[in-house]
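Engineer: I am sharing coords.cif, which consists of mmCIF, C-alpha atoms and all ligand atoms:
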```
data_coords
#
loop_
_atom_site.label_atom_id
_atom_site.label_comp_id
_atom_site.auth_asym_id
_atom_site.auth_seq_id
_atom_site.Cartn_x
_atom_site.Cartn_y
_atom_site.Cartn_z
CA MET D 3 32.30 66.29 -98.66
CA TYR D 4 34.41 64.01 -100.86
CA ARG D 5 33.24 63.22 -104.33
CA TYR D 6 33.77 59.51 -103.97
CA PRO D 7 33.07 56.71 -103.75
CA ARG D 8 30.29 56.73 -106.27
CA PRO D 9 28.46 53.87 -107.91
CA PRO D 10 29.95 52.45 -111.09
CA SER D 11 28.86 54.32 -114.17
CA SER D 12 30.16 54.75 -117.66
CA GLU D 13 29.77 58.50 -117.19
CA ILE D 14 32.36 58.61 -114.46
CA THR D 15 35.51 57.02 -115.78
CA PRO D 16 37.41 58.69 -118.58
CA ARG D 17 36.21 57.16 -121.82
CA PRO D 18 39.45 55.49 -122.96
CA ILE D 19 39.83 53.66 -119.67
CA PHE D 20 36.25 52.60 -119.63
CA GLU D 21 36.50 51.23 -123.13
CA GLN D 22 39.66 49.41 -122.27
CA ARG D 23 37.95 47.90 -119.25
CA ARG D 24 35.00 46.78 -121.35
CA SER D 25 37.20 45.09 -123.89
CA LEU D 26 39.33 43.57 -121.19
CA MET D 27 36.30 42.12 -119.46
CA LYS D 28 35.01 40.70 -122.69
CA GLY D 29 38.29 38.94 -123.32
CA LEU D 30 38.79 37.83 -119.78
CA THR D 31 38.49 34.11 -119.41
CA ALA D 32 40.11 31.95 -116.79
CA ALA D 33 42.83 31.13 -119.27
CA THR D 34 43.78 34.71 -120.08
CA ALA D 35 43.54 35.74 -116.46
CA LEU D 36 46.13 33.15 -115.57
CA GLY D 37 48.23 33.67 -118.64
CA GLY D 38 49.25 36.36 -121.04
CA LEU D 39 47.52 39.37 -119.57
CA GLY D 40 49.46 39.08 -116.36
CA LEU D 41 46.40 39.50 -114.21
CA SER D 42 46.51 37.60 -110.98
CA PRO D 43 43.36 35.56 -110.53
CA ALA D 44 42.65 37.42 -107.31
CA LEU D 45 42.67 40.84 -108.94
CA ALA D 46 40.95 39.67 -112.12
CA SER D 47 37.94 38.37 -110.23
CA ARG D 48 37.77 41.49 -108.09
CA GLU D 49 37.83 43.69 -111.15
CA ILE D 50 34.79 42.02 -112.58
CA ILE D 51 32.69 42.02 -109.48
CA ASN D 52 33.69 44.90 -107.33
CA ILE D 53 35.68 47.91 -108.40
CA ILE D 54 34.13 51.30 -107.81
CA GLU D 55 34.98 53.80 -110.50
CA THR D 56 35.37 57.11 -108.75
CA ASP D 57 34.93 60.42 -110.48
CA TYR D 58 38.10 61.72 -108.96
CA GLY D 59 40.24 63.06 -111.77
CA ASP D 60 37.82 62.46 -114.60
CA ALA D 61 38.99 65.60 -116.37
CA LEU D 62 42.50 64.17 -116.56
CA THR D 63 43.82 62.36 -119.60
CA PRO D 64 45.78 59.33 -118.43
CA THR D 65 49.36 58.92 -119.58
CA PRO D 66 49.69 55.90 -121.91
CA LEU D 67 50.47 52.65 -120.13
CA GLU D 68 53.72 52.18 -122.02
CA ALA D 69 55.00 55.54 -120.79
CA ILE D 70 53.95 54.83 -117.20
CA ARG D 71 55.83 51.53 -117.34
CA GLY D 72 58.83 52.69 -119.32
CA TYR D 73 59.74 55.92 -117.51
CA SER D 74 60.05 55.35 -113.82
CA ASN D 75 62.11 55.63 -110.68
CA PHE D 76 62.72 52.40 -108.79
CA TYR D 77 66.31 52.60 -107.62
CA GLU D 78 66.33 49.01 -106.44
CA PHE D 79 66.57 48.17 -110.17
CA GLY D 80 68.88 50.94 -111.34
CA THR D 81 68.88 54.71 -111.62
CA ALA D 82 68.00 55.21 -115.30
CA LYS D 83 64.34 55.79 -116.12
CA GLU D 84 64.17 52.66 -118.29
CA ASP D 85 66.03 50.39 -115.83
CA PRO D 86 62.98 49.31 -113.81
CA ARG D 87 61.13 48.20 -116.94
CA GLN D 88 64.14 46.14 -117.98
CA HIS D 89 65.07 44.60 -114.66
CA ALA D 90 62.08 44.47 -112.33
CA HIS D 91 60.96 41.10 -113.74
CA GLN D 92 63.47 39.61 -111.28
CA LEU D 93 61.18 40.52 -108.42
CA GLN D 94 59.19 37.60 -107.05
CA THR D 95 55.80 39.09 -106.14
CA ASP D 96 53.78 35.98 -105.40
CA PRO D 97 53.53 35.01 -102.58
CA TRP D 98 53.76 38.42 -100.90
CA SER D 99 52.55 39.66 -97.58
CA VAL D 100 52.46 42.95 -95.74
CA SER D 101 52.88 43.14 -92.00
CA VAL D 102 51.12 45.93 -90.14
CA GLU D 103 52.69 46.39 -86.74
CA GLY D 104 53.82 48.77 -84.01
CA LEU D 105 51.29 50.87 -82.09
CA VAL D 106 48.17 48.98 -83.11
CA ASP D 107 45.78 46.87 -81.08
CA THR D 108 45.80 43.91 -83.48
CA PRO D 109 49.06 43.63 -85.44
CA LYS D 110 48.67 41.34 -88.42
CA THR D 111 50.41 40.04 -91.49
CA PHE D 112 48.16 40.11 -94.54
CA ALA D 113 48.64 38.11 -97.71
CA VAL D 114 48.05 40.39 -100.69
CA GLU D 115 45.09 38.24 -101.86
CA ASP D 116 43.43 38.85 -98.50
CA LEU D 117 43.81 42.60 -98.89
CA LEU D 118 42.20 42.39 -102.33
CA SER D 119 39.18 40.52 -101.10
CA ARG D 120 38.82 42.44 -97.88
CA PHE D 121 38.88 46.06 -99.00
CA GLN D 122 36.85 47.89 -101.61
CA LEU D 123 38.91 48.37 -104.75
CA GLN D 124 38.48 51.67 -106.51
CA GLU D 125 39.85 53.25 -109.62
CA ARG D 126 41.57 56.57 -108.88
CA VAL D 127 42.90 58.67 -111.70
CA TYR D 128 45.59 60.77 -110.04
CA ARG D 129 48.31 63.16 -111.06
CA LEU D 130 51.80 62.01 -110.10
CA ARG D 131 54.38 64.78 -109.72
CA CYS D 132 58.00 63.74 -109.30
CA VAL D 133 60.33 66.11 -107.45
CA GLU D 134 62.45 66.05 -110.64
CA ALA D 135 59.72 68.24 -112.23
CA TRP D 136 58.10 65.70 -114.54
CA SER D 137 54.56 64.44 -114.11
CA MET D 138 52.06 61.87 -115.31
CA VAL D 139 48.40 60.98 -114.89
CA ILE D 140 47.97 57.43 -113.65
CA PRO D 141 44.74 55.42 -113.44
CA TRP D 142 45.41 53.38 -110.31
CA ILE D 143 43.36 50.56 -108.87
CA GLY D 144 43.65 50.33 -105.12
CA PHE D 145 41.99 50.65 -101.75
CA GLU D 146 42.08 53.35 -99.14
CA LEU D 147 44.94 52.92 -96.69
CA ARG D 148 42.64 54.04 -93.88
CA GLU D 149 40.61 50.86 -94.36
CA LEU D 150 43.68 48.76 -93.67
CA LEU D 151 44.73 50.87 -90.70
CA LYS D 152 41.26 50.71 -89.19
CA ALA D 153 41.40 46.94 -89.48
CA VAL D 154 44.40 46.80 -87.10
CA GLN D 155 43.10 49.57 -84.81
CA PRO D 156 45.77 52.22 -84.26
CA SER D 157 46.40 52.82 -80.57
CA ALA D 158 45.93 56.24 -79.04
CA GLU D 159 49.67 57.08 -78.98
CA ALA D 160 50.25 56.32 -82.68
CA ARG D 161 51.18 59.51 -84.58
CA PHE D 162 53.20 58.39 -87.62
CA VAL D 163 53.22 55.56 -90.11
CA VAL D 164 56.44 54.10 -91.54
CA PHE D 165 56.53 52.06 -94.75
CA GLU D 166 59.30 49.77 -95.96
CA THR D 167 60.06 48.17 -99.31
CA LEU D 168 61.30 44.58 -99.53
CA HIS D 169 65.01 44.25 -98.70
CA ASP D 170 66.54 41.51 -100.85
CA PRO D 171 69.66 42.44 -102.85
CA GLU D 172 69.45 39.19 -104.80
CA GLN D 173 66.15 40.20 -106.34
CA MET D 174 66.82 43.92 -106.19
CA PRO D 175 70.40 44.35 -107.41
CA GLY D 176 70.33 48.11 -106.86
CA GLN D 177 70.43 47.37 -103.14
CA ASN D 178 74.04 46.22 -103.59
CA ASN D 179 75.15 49.83 -103.85
CA ASP D 180 74.97 52.33 -101.03
CA LEU D 181 73.00 54.97 -102.85
CA LEU D 182 70.38 54.77 -100.11
CA ASP D 183 70.27 53.20 -96.70
CA TRP D 184 68.19 50.20 -97.80
CA PRO D 185 65.44 49.18 -97.56
CA TYR D 186 63.66 52.19 -99.06
CA ARG D 187 61.70 53.76 -96.24
CA GLU D 188 58.98 56.39 -96.19
CA GLY D 189 56.67 57.91 -93.64
CA LEU D 190 53.44 59.83 -93.20
CA ARG D 191 51.73 61.52 -90.34
CA LEU D 192 48.85 59.31 -89.19
CA ASP D 193 46.23 61.84 -90.32
CA GLU D 194 47.83 61.94 -93.78
CA ALA D 195 47.77 58.16 -93.90
CA MET D 196 44.09 58.17 -92.88
CA HIS D 197 43.13 60.72 -95.54
CA PRO D 198 40.75 59.22 -98.11
CA LEU D 199 42.97 60.28 -101.01
CA THR D 200 45.78 58.06 -99.69
CA ILE D 201 45.61 54.63 -101.29
CA MET D 202 47.49 51.37 -101.52
CA ALA D 203 47.61 50.60 -105.25
CA VAL D 204 47.50 47.04 -106.55
CA GLY D 205 46.84 47.75 -110.21
CA LEU D 206 46.83 50.29 -112.97
CA TYR D 207 44.91 50.47 -116.23
CA ASP D 208 42.97 47.33 -115.37
CA GLN D 209 46.11 45.32 -114.91
CA THR D 210 47.80 43.89 -111.91
CA LEU D 211 50.42 46.46 -110.95
CA PRO D 212 53.48 46.07 -113.22
CA LYS D 213 56.60 45.18 -111.26
CA GLU D 214 58.37 48.35 -112.38
CA ASN D 215 55.55 50.37 -110.83
CA GLY D 216 55.82 48.69 -107.44
CA ALA D 217 54.07 45.33 -107.58
CA PRO D 218 52.35 43.81 -105.89
CA ILE D 219 51.36 46.69 -103.62
CA ARG D 220 52.56 50.26 -103.20
CA LEU D 221 51.57 53.49 -101.54
CA VAL D 222 50.12 56.40 -103.54
CA VAL D 223 49.88 59.86 -101.93
CA PRO D 224 48.89 62.11 -104.83
CA TRP D 225 49.51 65.51 -103.23
CA LYS D 226 53.13 64.74 -102.35
CA TYR D 227 56.23 64.40 -104.53
CA GLY D 228 56.45 60.95 -106.08
CA PHE D 229 59.26 59.68 -103.86
CA LYS D 230 56.80 59.49 -100.95
CA SER D 231 54.77 56.89 -102.88
CA ILE D 232 56.90 53.91 -101.88
CA LYS D 233 56.82 50.76 -104.01
CA SER D 234 56.64 47.04 -103.22
CA VAL D 235 55.77 47.50 -99.55
CA VAL D 236 56.31 44.67 -97.05
CA ARG D 237 56.00 46.50 -93.73
CA ILE D 238 53.80 49.23 -92.28
CA ARG D 239 54.57 50.34 -88.74
CA LEU D 240 52.73 52.82 -86.54
CA GLN D 241 54.82 54.74 -84.04
CA LYS D 242 55.01 57.80 -81.83
CA GLU D 243 58.07 59.49 -83.34
CA GLN D 244 58.35 61.16 -86.72
CA PRO D 245 60.48 58.82 -88.86
CA THR D 246 63.31 59.80 -91.19
CA SER D 247 62.67 58.64 -94.74
CA SER D 248 65.47 57.19 -96.88
CA TRP D 249 65.85 60.27 -99.07
CA GLN D 250 65.64 62.62 -96.14
CA ALA D 251 68.41 60.66 -94.42
CA ILE D 252 70.91 61.12 -97.24
CA ARG D 253 69.95 64.65 -98.41
CA PRO D 254 67.91 66.44 -95.77
CA GLU D 255 68.30 69.80 -97.55
CA GLU D 256 66.59 68.40 -100.66
CA TYR D 257 64.01 65.97 -99.37
CA GLY D 258 61.87 66.97 -96.44
CA PHE D 259 59.57 64.74 -94.46
CA TYR D 260 56.42 66.41 -95.78
CA ALA D 261 57.37 66.73 -99.47
CA ASN D 262 54.04 68.31 -100.33
CA VAL D 263 53.95 69.45 -103.95
CA ASN D 264 54.31 73.21 -103.76
CA PRO D 265 55.21 75.50 -106.67
CA ASP D 266 56.38 78.20 -104.23
CA VAL D 267 58.89 76.20 -102.21
CA LYS D 268 62.27 76.17 -103.94
CA HIS D 269 64.38 73.06 -104.41
CA PRO D 270 68.16 73.28 -104.85
CA ARG D 271 68.15 71.29 -108.12
CA TRP D 272 64.75 71.53 -109.79
CA HIS D 273 62.44 74.48 -110.37
CA GLN D 274 59.18 73.48 -108.80
CA ALA D 275 56.95 76.17 -110.32
CA THR D 276 56.44 74.22 -113.56
CA GLU D 277 56.60 70.63 -114.73
CA ARG D 278 56.86 68.55 -117.89
CA ARG D 279 53.95 66.19 -118.34
CA VAL D 280 55.42 63.02 -119.85
CA GLY D 281 54.25 62.77 -123.46
CA GLU D 282 53.60 66.51 -123.84
CA SER D 283 55.79 69.24 -125.21
CA GLY D 284 56.04 72.47 -123.28
CA ARG D 285 55.53 72.87 -119.57
CA ARG D 286 52.55 73.14 -117.25
CA LYS D 287 52.23 75.17 -114.10
CA THR D 288 52.63 73.03 -111.03
CA LEU D 289 49.53 73.13 -108.86
CA MET D 290 49.51 73.67 -105.11
CA PHE D 291 49.33 70.25 -103.43
CA ASN D 292 49.43 68.87 -106.98
CA GLY D 293 45.85 70.00 -107.56
CA TYR D 294 44.43 68.49 -104.38
CA GLU D 295 44.47 71.66 -102.31
CA SER D 296 40.77 71.73 -101.53
CA GLU D 297 40.99 68.18 -100.16
CA VAL D 298 44.21 68.36 -98.14
CA ALA D 299 45.09 71.97 -97.25
CA GLU D 300 43.21 71.49 -93.98
CA LEU D 301 45.86 69.00 -92.83
CA TYR D 302 48.50 71.74 -92.80
CA LYS D 303 46.55 74.65 -91.40
CA GLY D 304 48.84 77.02 -89.52
CA MET D 305 52.04 75.23 -90.61
CA ASP D 306 54.95 77.03 -92.21
CA LEU D 307 55.15 75.07 -95.47
CA GLU D 308 58.57 76.42 -96.29
CA LYS D 309 60.00 75.26 -93.01
CA HIS D 310 58.17 71.92 -93.09
CA PHE D 311 58.99 71.21 -96.73
N1 LIG D 401 60.93 51.40 -103.27
C1 LIG D 401 60.94 52.49 -104.06
N2 LIG D 401 59.83 53.23 -104.17
C2 LIG D 401 59.81 54.34 -104.96
C3 LIG D 401 60.99 54.74 -105.66
C4 LIG D 401 62.15 53.94 -105.52
O1 LIG D 401 63.22 54.21 -106.10
N3 LIG D 401 62.08 52.81 -104.72
N4 LIG D 401 60.97 55.90 -106.43
C5 LIG D 401 59.96 56.90 -106.08
C6 LIG D 401 59.88 58.00 -107.04
S1 LIG D 401 61.15 59.12 -107.01
C7 LIG D 401 58.80 58.17 -107.85
S2 LIG D 401 58.65 59.56 -108.82
C8 LIG D 401 57.72 57.15 -107.92
C9 LIG D 401 57.51 56.71 -109.37
O2 LIG D 401 56.42 55.83 -109.47
P1 LIG D 401 56.06 55.21 -110.89
O3 LIG D 401 57.32 54.64 -111.47
O4 LIG D 401 55.04 54.16 -110.65
O5 LIG D 401 55.56 56.33 -111.75
O6 LIG D 401 58.00 56.00 -107.14
C10 LIG D 401 58.58 56.28 -105.87
N5 LIG D 401 58.67 55.06 -105.08
MO MO D 402 60.39 61.01 -108.02
#
```
Render the structure in this file as structure tokens.
Ligand SMILES: Nc1nc2c(c(=O)[nH]1)N[C@H]1C(S)=C(S)[C@@H](COP(=O)(O)O)O[C@H]1N2
Ligand SMILES: [Mo]
Structural biologist:
Amino acid sequence: MYRYPRPPSSEITPRPIFEQRRSLMKGLTAATALGGLGLSPALASREIINIIETDYGDALTPTPLEAIRGYSNFYEFGTAKEDPRQHAHQLQTDPWSVSVEGLVDTPKTFAVEDLLSRFQLQERVYRLRCVEAWSMVIPWIGFELRELLKAVQPSAEARFVVFETLHDPEQMPGQNNDLLDWPYREGLRLDEAMHPLTIMAVGLYDQTLPKENGAPIRLVVPWKYGFKSIKSVVRIRLQKEQPTSSWQAIRPEEYGFYANVNPDVKHPRWHQATERRVGESGRRKTLMFNGYESEVAELYKGMDLEKHF
């Protein structure tokens, strides 16, 4: 039913990315992997041997890397779009581990390197639609979250998954203000978390994930507004009750739990029917479920999407 994964092929990946990968591979020696390119050895070796290039999103033109890095929301490093690029270097991302806990048979703390070697890395070119009505196309490298969840065996009562970002105001100075109830927290229904489109990203554009984009590991849920895609994750917890996410806690009238991209559901501050694609002039129509309707609409069958916004 799903169009991926598919075997690697130059036909599948958008040409510019493929060419960049080729040139990167050619230049990739042990020295560059450890040095200037900023590739961790773990990811660099995985890229060469075992990344599946999916055809998902091959009609999309990726937003340039500099724009993806330079225009972002990561409130732990400030609220201006360029703040994360300027300040996220303070974040210490190695060593890093992610604990998966709660209603699972085998709770476990994984070092990021172990996740990279354990799960199949794939390239996924996805649209990202921020609730502020701007959008991008991002070529992520990551693995399916369901692979990680299966590894810890969710117990029968588990219904929801909660994610938390690192809490360390010394490294993340934005956490010294009370803009949000830190750490940044997000949640999904278990079936959303198990959906094959839901990934944990560890890279983009053939690089280790830049810190401003949520290094070393972040969630990506392409059919939901960008704030659901929580960065720099240290904890994943399965539980019975529906959690309250950080944004929902401070402004429940603006940020619902579901936050599915929907051009027909109004937001008090931003018109959701159209969006500005970063780097383009003019506006595009916003697509139902951000263009992933045929893959995910099934998850919400019979639900009132206006009520469960
Ligand atoms: N921890 C954390 N995760 C976060 C945010 C944040 O401020 N802190 N911002 C969110 C928002 S609003 C968006 S649009 C996306 C942006 O991801 P990008 O900068 O990689 O494009 O990250 C999301 N994840
Ligand atoms: Mo956002």
Engineer: Using all atoms listed in the file, I'd like a table of the residues in chain D that come within 8 Å of ligand MO 402 (chain D); for each, show the closest atom pair and its distance in Å rounded to one decimal, ordered by chain and ascending number, as JSON lines.
Structural biologist:
```
{"residue": "D:Asn75", "atom": "CA", "partner": "D:MO402", "partner_atom": "MO", "distance": 6.2}
{"residue": "D:Arg131", "atom": "CA", "partner": "D:MO402", "partner_atom": "MO", "distance": 7.3}
{"residue": "D:Cys132", "atom": "CA", "partner": "D:MO402", "partner_atom": "MO", "distance": 3.8}
{"residue": "D:Val133", "atom": "CA", "partner": "D:MO402", "partner_atom": "MO", "distance": 5.1}
{"residue": "D:Glu134", "atom": "CA", "partner": "D:MO402", "partner_atom": "MO", "distance": 6.0}
{"residue": "D:Tyr227", "atom": "CA", "partner": "D:MO402", "partner_atom": "MO", "distance": 6.4}
{"residue": "D:Gly228", "atom": "CA", "partner": "D:MO402", "partner_atom": "MO", "distance": 4.4}
{"residue": "D:Phe229", "atom": "CA", "partner": "D:MO402", "partner_atom": "MO", "distance": 4.5}
```
Engineer: Could you list, as a PDB file with C-alpha atoms, in the coordinates of the input, every residue within 9 Å of range 210-216 of chain D, counting only C-alpha atoms and ignoring same-chain residues fewer than 6 positions away?
Structural biologist:
```
ATOM      1  CA  LEU D  39      47.520  39.370-119.570  1.00  0.00           C
ATOM      2  CA  GLY D  40      49.460  39.080-116.360  1.00  0.00           C
ATOM      3  CA  LEU D  41      46.400  39.500-114.210  1.00  0.00           C
ATOM      4  CA  SER D  42      46.510  37.600-110.980  1.00  0.00           C
ATOM      5  CA  LEU D  45      42.670  40.840-108.940  1.00  0.00           C
ATOM      6  CA  ALA D  46      40.950  39.670-112.120  1.00  0.00           C
ATOM      7  CA  ILE D  70      53.950  54.830-117.200  1.00  0.00           C
ATOM      8  CA  ARG D  71      55.830  51.530-117.340  1.00  0.00           C
ATOM      9  CA  GLY D  72      58.830  52.690-119.320  1.00  0.00           C
ATOM     10  CA  SER D  74      60.050  55.350-113.820  1.00  0.00           C
ATOM     11  CA  ASN D  75      62.110  55.630-110.680  1.00  0.00           C
ATOM     12  CA  PHE D  76      62.720  52.400-108.790  1.00  0.00           C
ATOM     13  CA  PHE D  79      66.570  48.170-110.170  1.00  0.00           C
ATOM     14  CA  ASP D  85      66.030  50.390-115.830  1.00  0.00           C
ATOM     15  CA  PRO D  86      62.980  49.310-113.810  1.00  0.00           C
ATOM     16  CA  ARG D  87      61.130  48.200-116.940  1.00  0.00           C
ATOM     17  CA  GLN D  88      64.140  46.140-117.980  1.00  0.00           C
ATOM     18  CA  HIS D  89      65.070  44.600-114.660  1.00  0.00           C
ATOM     19  CA  ALA D  90      62.080  44.470-112.330  1.00  0.00           C
ATOM     20  CA  HIS D  91      60.960  41.100-113.740  1.00  0.00           C
ATOM     21  CA  GLN D  92      63.470  39.610-111.280  1.00  0.00           C
ATOM     22  CA  LEU D  93      61.180  40.520-108.420  1.00  0.00           C
ATOM     23  CA  THR D  95      55.800  39.090-106.140  1.00  0.00           C
ATOM     24  CA  TRP D 142      45.410  53.380-110.310  1.00  0.00           C
ATOM     25  CA  ILE D 143      43.360  50.560-108.870  1.00  0.00           C
ATOM     26  CA  ALA D 203      47.610  50.600-105.250  1.00  0.00           C
ATOM     27  CA  VAL D 204      47.500  47.040-106.550  1.00  0.00           C
ATOM     28  CA  ILE D 232      56.900  53.910-101.880  1.00  0.00           C
ATOM     29  CA  LYS D 233      56.820  50.760-104.010  1.00  0.00           C
ATOM     30  CA  SER D 234      56.640  47.040-103.220  1.00  0.00           C
ATOM     31  CA  VAL D 235      55.770  47.500 -99.550  1.00  0.00           C
TER      32      VAL D 235
END
```
Engineer: In Å to one decimal, how far is CA of Lys152 in chain D from atom C9 of ligand LIG 401 (chain D)?
Structural biologist: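 If I compute the distance from atom C9 of ligand LIG 401 (chain D) to CA of Lys152 in chain D, I get 26.6 Å.
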Engineer: Looking at D:Ile54, D:Ala82, D:Val102, D:Ala275, which one is nearest to ligand LIG 401 (chain D), with distances taken over all atoms listed in the file?
Structural biologist: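 Of all the options, D:Ala82 lies closest to ligand LIG 401 (chain D).
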Engineer: I'd like to know which of D:Pro265, D:Pro218, D:Pro270, D:Pro198 is closest to ligand LIG 401 (chain D), using only C-alpha atoms and all ligand atoms.
Structural biologist: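 Using only C-alpha atoms and all ligand atoms, ligand LIG 401 (chain D) sits closest to D:Pro218.
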Engineer: Can you tell me, as JSON, the centre and edge lengths (Å, one decimal) of the axis-aligned box enclosing all of ligand LIG 401 (chain D)'s listed atoms after padding each side by 3 Å?
Structural biologist:
```
{"center_x": 59.1, "center_y": 55.5, "center_z": -107.5, "size_x": 14.2, "size_y": 14.2, "size_z": 14.5}
```
Engineer: Show which residues sit within 10 Å of range 174-177 of chain D, as a PyMOL selection string. Count only C-alpha atoms, and ignore same-chain residues fewer than 2 positions away.
Structural biologist: chain D and resi 76-81+89-94+168-172+179-186
Engineer: Please compute the CA of Ala299 in chain D-CA of Asn264 in chain D distance, one decimal, in Å.
Structural biologist: 11.4 Å
Engineer: To one decimal in Å, tell me the separation between CA of Arg148 in chain D and CA of Ala195 in chain D.
Structural biologist: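 Value for the CA of Arg148 in chain D-CA of Ala195 in chain D distance: 6.6 Å.
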Engineer: Of the candidates D:Val163, D:Val263, D:Leu206, D:Leu221, which shows the shortest atom-to-atom distance to Ser137 in chain D, using all atoms listed in the file?
Structural biologist: D:Val263
Engineer: Using only C-alpha atoms and all ligand atoms, pick whichever of D:Ala217, D:Val164, D:Val127, D:Met196 has the shortest atom-to-atom distance to ligand LIG 401 (chain D).
Structural biologist: D:Ala217
Engineer: Which is closer to ligand LIG 401 (chain D) than all the others in D:Ser296, D:Thr167, D:Ser157, D:Asn178, using only C-alpha atoms and all ligand atoms?
Structural biologist: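 Result for the nearest residue to ligand LIG 401 (chain D): D:Thr167.
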Engineer: Can you put N, CA and C atoms back into range 235-253 of chain D and show it as a short mmCIF file (atom, residue, chain, number, x, y, z; two decimals), in the coordinates of the input?
Structural biologist:
```cif
data_model
loop_
_atom_site.label_atom_id
_atom_site.label_comp_id
_atom_site.auth_asym_id
_atom_site.auth_seq_id
_atom_site.Cartn_x
_atom_site.Cartn_y
_atom_site.Cartn_z
N VAL D 235 55.75 47.35 -101.01
CA VAL D 235 55.77 47.50 -99.55
C VAL D 235 55.60 46.15 -98.85
N VAL D 236 56.45 45.90 -97.86
CA VAL D 236 56.31 44.67 -97.05
C VAL D 236 55.99 44.97 -95.58
N ARG D 237 56.22 46.21 -95.14
CA ARG D 237 56.00 46.50 -93.73
C ARG D 237 55.41 47.88 -93.55
N ILE D 238 54.43 47.96 -92.66
CA ILE D 238 53.80 49.23 -92.28
C ILE D 238 53.82 49.27 -90.76
N ARG D 239 54.43 50.30 -90.20
CA ARG D 239 54.57 50.34 -88.74
C ARG D 239 54.05 51.67 -88.20
N LEU D 240 53.22 51.60 -87.18
CA LEU D 240 52.73 52.82 -86.54
C LEU D 240 53.60 53.11 -85.33
N GLN D 241 53.93 54.39 -85.14
CA GLN D 241 54.82 54.74 -84.04
C GLN D 241 54.54 56.15 -83.54
N LYS D 242 55.20 56.48 -82.45
CA LYS D 242 55.01 57.80 -81.83
C LYS D 242 55.86 58.87 -82.51
N GLU D 243 57.10 58.50 -82.86
CA GLU D 243 58.07 59.49 -83.34
C GLU D 243 57.98 59.69 -84.85
N GLN D 244 58.27 60.90 -85.28
CA GLN D 244 58.35 61.16 -86.72
C GLN D 244 59.57 60.43 -87.29
N PRO D 245 59.35 59.58 -88.30
CA PRO D 245 60.48 58.82 -88.86
C PRO D 245 61.30 59.67 -89.82
N THR D 246 62.49 59.19 -90.15
CA THR D 246 63.31 59.80 -91.19
C THR D 246 63.20 58.91 -92.42
N SER D 247 62.79 59.46 -93.54
CA SER D 247 62.67 58.64 -94.74
C SER D 247 64.05 58.46 -95.37
N SER D 248 64.17 57.51 -96.28
CA SER D 248 65.47 57.19 -96.88
C SER D 248 66.10 58.40 -97.59
N TRP D 249 65.30 59.11 -98.35
CA TRP D 249 65.85 60.27 -99.07
C TRP D 249 66.22 61.39 -98.12
N GLN D 250 65.38 61.59 -97.14
CA GLN D 250 65.64 62.62 -96.14
C GLN D 250 66.95 62.31 -95.41
N ALA D 251 67.21 61.04 -95.16
CA ALA D 251 68.41 60.66 -94.42
C ALA D 251 69.68 61.01 -95.19
N ILE D 252 69.66 60.83 -96.52
CA ILE D 252 70.91 61.12 -97.24
C ILE D 252 71.02 62.58 -97.69
N ARG D 253 69.89 63.25 -97.98
CA ARG D 253 69.95 64.65 -98.41
C ARG D 253 68.83 65.46 -97.77
#
```
